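Each remark here refers to the structure printed beneath this line.
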Amino acid sequence: MAWVPRGLRDGIVTTSYPRRPDGYGPGFVGSVAVSQVPGDPPDALADAVTACPTAAIVVSGNVVQLDRGRCILCGRCSELAPGTFRPDPGFETATVGRRPLVVPARAGEEPDDATLAAARAALGRRVRALRRSVHVRHVDAGSDGSDEWEVSALTNPVYDVQRLGVFFTASPKHADLLLVTGVGSIGMTGPLEQVYDVMPHPKVVVGAGVEAVTGGMIGRRYASSGGVTGVIPVDVFVPGSPPSPFGLLYGILLAIGVLAGPVVIGAEANDARTAR
Ligand code: SF4
């Protein structure tokens with residue numbers, strides 16, 4: 001009965017996100033922010049490039065870009081070049097489409113407004129039917145297990161995704177959204193394709209964690225596909241290693257059209273592939 005006084009003492013612990021802003025403390029690292037103008041000498045930037053274990057940083061002249069689809073948030077770059085790289089506590093880092101994970105976008109690479117609007121509309125049409133009640137099938141396609149801890153936290157009293165009409169299901173035939181973690185191990189490519197194929201339309205796919213996006217530290221090897229994008233079409237990418245529960249929640253809500261976010265480029269291509 002100890003839970004009774006504890007419950008009375010703690011009150012309601014469930015987050016109100018996304019109705020109200022929420023998040024983690026300032027010590028939390030959700031991503032690495034990159035300055036538009038490098039604030040470090042070239043040799044410090046070169047040291048950061050060399051120290052990055054996943055080749056997530058590219059320096060070209062005076063332009064520095066970081067691929068959040070590769071970044072495992074080890075923090076080495078922000079230690080070696082703190083004027084350019086900065087840990088950021090924000091968790092709303094998921095994107096529709098792969099390209100927006102590369103930050104900052106180079107001049108001329110930003111999608112124009114028309115492209116953004118068209119892609120957003122295409123994804124919106126696909127997921128309109130999913131906004132009220134969404135069933136999620138989670139597939140571990142070769143994860144190290146850390147992603148699964150964060151995914152399972154979504155159903156605890158703090159995040160309580162059921163309050164938003166999001167439910168996990170064991171059967172892909174009942175699922176609207178496929179949540180994939182892991183590097184896309186070769187042994188899982190066939191089962192992952194089968195799960196995707198038997199899901200009813202409309203369906204959306206969320207690739208969660210850098211392993212699912214690019215393979216992370218493992219990348220493409222004899223037993224790894226280097227992420228799941230080459231196995232099934234992915235609509236929303238959630239960076240992080242592992243992504244936090246809030247980050248996952250943001251990605252899921254982005255995928256089902258509850259939240260607007262930075263969309264796109266490539267969504268139409270995904271549409272075409274999902275028609276198979
Ligand atoms: S924090 Fe990310 S970008 Fe920076 S060194 Fe580590 S993996 Fe590379």
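Ligands are numbered from 1 in the order shown, residues from 1 within each chain, and chains are lettered A, B, ... in the order they appear in the structure tokens.
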
Which residues, written as a PyMOL selection string, have at least one atom at most 6 Å from A:Ala94, with only C-alpha atoms counted and residues fewer than 6 positions away on the same chain left out? chain A and resi 237-238+251

Using all heavy atoms, can you export the residues from the last selection as a PDB file, in the first residue's frame?
```
ATOM      1  N   PHE A 237      12.564  10.098 -39.728  1.00  0.00           N
ATOM      2  CA  PHE A 237      13.835   9.660 -39.148  1.00  0.00           C
ATOM      3  C   PHE A 237      14.004  10.298 -37.780  1.00  0.00           C
ATOM      4  O   PHE A 237      13.903  11.526 -37.654  1.00  0.00           O
ATOM      5  CB  PHE A 237      14.995  10.067 -40.048  1.00  0.00           C
ATOM      6  CG  PHE A 237      14.983   9.395 -41.395  1.00  0.00           C
ATOM      7  CD1 PHE A 237      14.191   9.892 -42.424  1.00  0.00           C
ATOM      8  CD2 PHE A 237      15.751   8.272 -41.625  1.00  0.00           C
ATOM      9  CE1 PHE A 237      14.173   9.276 -43.670  1.00  0.00           C
ATOM     10  CE2 PHE A 237      15.732   7.640 -42.865  1.00  0.00           C
ATOM     11  CZ  PHE A 237      14.944   8.149 -43.889  1.00  0.00           C
ATOM     12  N   VAL A 238      14.254   9.480 -36.780  1.00  0.00           N
ATOM     13  CA  VAL A 238      14.469   9.987 -35.427  1.00  0.00           C
ATOM     14  C   VAL A 238      15.939   9.750 -35.073  1.00  0.00           C
ATOM     15  O   VAL A 238      16.349   8.613 -34.860  1.00  0.00           O
ATOM     16  CB  VAL A 238      13.573   9.284 -34.392  1.00  0.00           C
ATOM     17  CG1 VAL A 238      13.736   9.952 -33.020  1.00  0.00           C
ATOM     18  CG2 VAL A 238      12.119   9.294 -34.822  1.00  0.00           C
ATOM     19  N   GLY A 251       8.683  12.087 -33.022  1.00  0.00           N
ATOM     20  CA  GLY A 251       8.759  11.453 -34.341  1.00  0.00           C
ATOM     21  C   GLY A 251       7.458  10.772 -34.721  1.00  0.00           C
ATOM     22  O   GLY A 251       6.998  10.871 -35.863  1.00  0.00           O
TER      23      GLY A 251
END
```

Just want the residues within 10 Å of ligand 1, written as a PyMOL selection string, counting only C-alpha atoms and all ligand atoms. chain A and resi 29+31-34+47-58+65-81+85-87+216-217+240-241

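Excluding A:Asn156 and any residue on its chain fewer than 5 positions from it, the residues at most 12 Å away by only C-alpha atoms are Val13, Thr14, Thr15, Trp149, Glu150, Val151, Val161, Gln162, Arg163 and Pro245 of chain A.
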
File dump, residues just selected, all heavy atoms, as an mmCIF file, in the first residue's frame:
```cif
data_model
loop_
_atom_site.group_PDB
_atom_site.id
_atom_site.type_symbol
_atom_site.label_atom_id
_atom_site.label_comp_id
_atom_site.auth_asym_id
_atom_site.auth_seq_id
_atom_site.Cartn_x
_atom_site.Cartn_y
_atom_site.Cartn_z
ATOM 1 N N VAL A 13 2.052 12.560 -12.705
ATOM 2 C CA VAL A 13 3.398 12.642 -13.279
ATOM 3 C C VAL A 13 3.371 12.632 -14.807
ATOM 4 O O VAL A 13 4.391 12.872 -15.448
ATOM 5 C CB VAL A 13 4.298 11.482 -12.784
ATOM 6 C CG1 VAL A 13 4.492 11.566 -11.286
ATOM 7 C CG2 VAL A 13 3.739 10.139 -13.213
ATOM 8 N N THR A 14 2.229 12.341 -15.376
ATOM 9 C CA THR A 14 2.143 12.215 -16.834
ATOM 10 C C THR A 14 2.349 13.568 -17.508
ATOM 11 O O THR A 14 1.751 14.566 -17.121
ATOM 12 C CB THR A 14 0.772 11.649 -17.241
ATOM 13 O OG1 THR A 14 0.542 10.435 -16.532
ATOM 14 C CG2 THR A 14 0.725 11.384 -18.737
ATOM 15 N N THR A 15 3.184 13.551 -18.531
ATOM 16 C CA THR A 15 3.467 14.780 -19.258
ATOM 17 C C THR A 15 2.237 15.268 -20.028
ATOM 18 O O THR A 15 1.383 14.457 -20.417
ATOM 19 C CB THR A 15 4.623 14.560 -20.261
ATOM 20 O OG1 THR A 15 4.837 15.769 -20.972
ATOM 21 C CG2 THR A 15 4.306 13.464 -21.255
ATOM 22 N N TRP A 149 14.746 0.032 -24.760
ATOM 23 C CA TRP A 149 14.443 0.570 -23.431
ATOM 24 C C TRP A 149 13.655 1.863 -23.561
ATOM 25 O O TRP A 149 12.708 2.127 -22.812
ATOM 26 C CB TRP A 149 15.736 0.845 -22.655
ATOM 27 C CG TRP A 149 16.328 -0.382 -22.036
ATOM 28 C CD1 TRP A 149 17.366 -1.114 -22.516
ATOM 29 C CD2 TRP A 149 15.905 -1.029 -20.828
ATOM 30 N NE1 TRP A 149 17.619 -2.175 -21.689
ATOM 31 C CE2 TRP A 149 16.748 -2.148 -20.645
ATOM 32 C CE3 TRP A 149 14.917 -0.770 -19.892
ATOM 33 C CZ2 TRP A 149 16.609 -3.004 -19.568
ATOM 34 C CZ3 TRP A 149 14.786 -1.622 -18.806
ATOM 35 C CH2 TRP A 149 15.619 -2.718 -18.656
ATOM 36 N N GLU A 150 14.080 2.678 -24.513
ATOM 37 C CA GLU A 150 13.411 3.980 -24.690
ATOM 38 C C GLU A 150 12.020 3.789 -25.299
ATOM 39 O O GLU A 150 11.076 4.488 -24.933
ATOM 40 C CB GLU A 150 14.269 4.897 -25.580
ATOM 41 C CG GLU A 150 15.707 5.034 -25.139
ATOM 42 C CD GLU A 150 15.856 5.643 -23.752
ATOM 43 O OE1 GLU A 150 14.938 6.344 -23.309
ATOM 44 O OE2 GLU A 150 16.885 5.408 -23.096
ATOM 45 N N VAL A 151 11.896 2.842 -26.215
ATOM 46 C CA VAL A 151 10.576 2.583 -26.812
ATOM 47 C C VAL A 151 9.608 2.087 -25.742
ATOM 48 O O VAL A 151 8.451 2.537 -25.665
ATOM 49 C CB VAL A 151 10.691 1.554 -27.962
ATOM 50 C CG1 VAL A 151 9.303 1.101 -28.420
ATOM 51 C CG2 VAL A 151 11.461 2.142 -29.142
ATOM 52 N N VAL A 161 1.668 6.986 -23.908
ATOM 53 C CA VAL A 161 1.243 7.307 -25.281
ATOM 54 C C VAL A 161 -0.207 6.932 -25.568
ATOM 55 O O VAL A 161 -0.814 7.463 -26.490
ATOM 56 C CB VAL A 161 2.152 6.634 -26.333
ATOM 57 C CG1 VAL A 161 3.500 7.291 -26.382
ATOM 58 C CG2 VAL A 161 2.236 5.137 -26.103
ATOM 59 N N GLN A 162 -0.782 6.059 -24.733
ATOM 60 C CA GLN A 162 -2.181 5.692 -24.973
ATOM 61 C C GLN A 162 -3.101 6.907 -24.860
ATOM 62 O O GLN A 162 -4.140 6.965 -25.505
ATOM 63 C CB GLN A 162 -2.628 4.616 -23.977
ATOM 64 C CG GLN A 162 -1.962 3.263 -24.190
ATOM 65 C CD GLN A 162 -0.725 3.085 -23.335
ATOM 66 O OE1 GLN A 162 -0.064 4.053 -22.965
ATOM 67 N NE2 GLN A 162 -0.394 1.846 -23.021
ATOM 68 N N ARG A 163 -2.707 7.888 -24.034
ATOM 69 C CA ARG A 163 -3.557 9.085 -23.870
ATOM 70 C C ARG A 163 -3.687 9.840 -25.175
ATOM 71 O O ARG A 163 -4.610 10.636 -25.354
ATOM 72 C CB ARG A 163 -2.972 10.003 -22.780
ATOM 73 C CG ARG A 163 -1.733 10.734 -23.225
ATOM 74 C CD ARG A 163 -0.927 11.350 -22.095
ATOM 75 N NE ARG A 163 0.445 11.509 -22.517
ATOM 76 C CZ ARG A 163 0.910 12.569 -23.154
ATOM 77 N NH1 ARG A 163 0.132 13.588 -23.393
ATOM 78 N NH2 ARG A 163 2.154 12.623 -23.551
ATOM 79 N N PRO A 245 12.660 9.000 -25.156
ATOM 80 C CA PRO A 245 11.208 8.799 -25.314
ATOM 81 C C PRO A 245 10.497 10.037 -25.866
ATOM 82 O O PRO A 245 9.623 9.920 -26.720
ATOM 83 C CB PRO A 245 10.749 8.472 -23.888
ATOM 84 C CG PRO A 245 11.947 7.865 -23.248
ATOM 85 C CD PRO A 245 13.123 8.603 -23.818
#
```

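Proximity of A:Ala212, A:Val180, A:Leu259, A:Leu249 to A:Arg98, computed with only C-alpha atoms, is greatest for A:Ala212.
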
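Minimum distance to A:Gln36 across A:Gly247, A:Gly124, A:Pro104, A:Gly11 (counting only C-alpha atoms) occurs at A:Pro104.
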
Skip stretch 165-168 of chain A itself and residues of its chain fewer than 3 positions away, then list as a PyMOL selection string all residues within 7 Å of it, counting only C-alpha atoms. chain A and resi 132-137+161-162

Write out as an NGL selection string the set of residues from stretch 204-272 of chain A that DSSP, computed on the backbone, places in strand (DSSP E or B). :A and (204-208 or 220-221 or 224-225 or 236-238 or 263)

As a ChimeraX atom specification, please: all residues of stretch 124-173 of chain A that backbone DSSP puts in alpha helix (DSSP H). /A:124-127,146-153

Go ahead and write the residues just picked, all heavy atoms, as a tab-separated table (two decimals), in the first residue's frame.
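This went into part_39.tsv:
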```
chain	number	residue	atom	x	y	z
A	124	GLY	N	0.67	14.21	-45.58
A	124	GLY	CA	-0.58	14.48	-44.87
A	124	GLY	C	-1.73	13.64	-45.41
A	124	GLY	O	-2.54	13.13	-44.66
A	125	ARG	N	-1.80	13.50	-46.75
A	125	ARG	CA	-2.87	12.69	-47.35
A	125	ARG	C	-2.76	11.24	-46.91
A	125	ARG	O	-3.75	10.58	-46.63
A	125	ARG	CB	-2.79	12.78	-48.88
A	125	ARG	CG	-3.45	14.01	-49.47
A	125	ARG	CD	-3.65	13.84	-50.96
A	125	ARG	NE	-2.38	13.68	-51.68
A	125	ARG	CZ	-1.61	14.70	-52.06
A	125	ARG	NH1	-1.99	15.93	-51.81
A	125	ARG	NH2	-0.48	14.49	-52.70
A	126	ARG	N	-1.54	10.76	-46.84
A	126	ARG	CA	-1.35	9.35	-46.48
A	126	ARG	C	-1.77	9.07	-45.05
A	126	ARG	O	-2.27	8.01	-44.73
A	126	ARG	CB	0.12	8.96	-46.66
A	126	ARG	CG	0.49	8.69	-48.08
A	126	ARG	CD	1.94	8.31	-48.17
A	126	ARG	NE	2.27	7.22	-47.27
A	126	ARG	CZ	3.49	6.98	-46.83
A	126	ARG	NH1	4.47	7.75	-47.17
A	126	ARG	NH2	3.71	5.96	-46.04
A	127	VAL	N	-1.51	10.01	-44.15
A	127	VAL	CA	-1.69	9.71	-42.73
A	127	VAL	C	-2.95	10.32	-42.13
A	127	VAL	O	-3.20	10.15	-40.94
A	127	VAL	CB	-0.47	10.18	-41.91
A	127	VAL	CG1	0.80	9.54	-42.43
A	127	VAL	CG2	-0.32	11.69	-41.95
A	146	SER	N	19.42	-0.73	-26.55
A	146	SER	CA	19.18	0.54	-25.88
A	146	SER	C	17.94	1.24	-26.44
A	146	SER	O	17.17	1.86	-25.69
A	146	SER	CB	20.41	1.46	-26.02
A	146	SER	OG	20.69	1.71	-27.39
A	147	ASP	N	17.74	1.14	-27.74
A	147	ASP	CA	16.55	1.77	-28.33
A	147	ASP	C	15.28	1.19	-27.72
A	147	ASP	O	14.28	1.90	-27.50
A	147	ASP	CB	16.51	1.54	-29.84
A	147	ASP	CG	17.72	2.14	-30.55
A	147	ASP	OD1	18.12	3.25	-30.20
A	147	ASP	OD2	18.26	1.47	-31.44
A	148	GLU	N	15.31	-0.12	-27.45
A	148	GLU	CA	14.10	-0.78	-26.95
A	148	GLU	C	13.73	-0.30	-25.55
A	148	GLU	O	12.54	-0.23	-25.21
A	148	GLU	CB	14.29	-2.30	-26.96
A	148	GLU	CG	14.17	-2.94	-28.34
A	148	GLU	CD	15.21	-2.42	-29.32
A	148	GLU	OE1	16.39	-2.31	-28.93
A	148	GLU	OE2	14.84	-2.11	-30.45
A	149	TRP	N	14.75	0.03	-24.76
A	149	TRP	CA	14.44	0.57	-23.43
A	149	TRP	C	13.65	1.86	-23.56
A	149	TRP	O	12.71	2.13	-22.81
A	149	TRP	CB	15.74	0.85	-22.65
A	149	TRP	CG	16.33	-0.38	-22.04
A	149	TRP	CD1	17.37	-1.11	-22.52
A	149	TRP	CD2	15.91	-1.03	-20.83
A	149	TRP	NE1	17.62	-2.18	-21.69
A	149	TRP	CE2	16.75	-2.15	-20.65
A	149	TRP	CE3	14.92	-0.77	-19.89
A	149	TRP	CZ2	16.61	-3.00	-19.57
A	149	TRP	CZ3	14.79	-1.62	-18.81
A	149	TRP	CH2	15.62	-2.72	-18.66
A	150	GLU	N	14.08	2.68	-24.51
A	150	GLU	CA	13.41	3.98	-24.69
A	150	GLU	C	12.02	3.79	-25.30
A	150	GLU	O	11.08	4.49	-24.93
A	150	GLU	CB	14.27	4.90	-25.58
A	150	GLU	CG	15.71	5.03	-25.14
A	150	GLU	CD	15.86	5.64	-23.75
A	150	GLU	OE1	14.94	6.34	-23.31
A	150	GLU	OE2	16.89	5.41	-23.10
A	151	VAL	N	11.90	2.84	-26.21
A	151	VAL	CA	10.58	2.58	-26.81
A	151	VAL	C	9.61	2.09	-25.74
A	151	VAL	O	8.45	2.54	-25.66
A	151	VAL	CB	10.69	1.55	-27.96
A	151	VAL	CG1	9.30	1.10	-28.42
A	151	VAL	CG2	11.46	2.14	-29.14
A	152	SER	N	10.07	1.18	-24.89
A	152	SER	CA	9.17	0.64	-23.87
A	152	SER	C	8.77	1.72	-22.86
A	152	SER	O	7.69	1.65	-22.26
A	152	SER	CB	9.80	-0.56	-23.16
A	152	SER	OG	10.97	-0.16	-22.47
A	153	ALA	N	9.62	2.74	-22.68
A	153	ALA	CA	9.28	3.82	-21.75
A	153	ALA	C	8.07	4.63	-22.22
A	153	ALA	O	7.42	5.30	-21.41
A	153	ALA	CB	10.48	4.76	-21.57
```
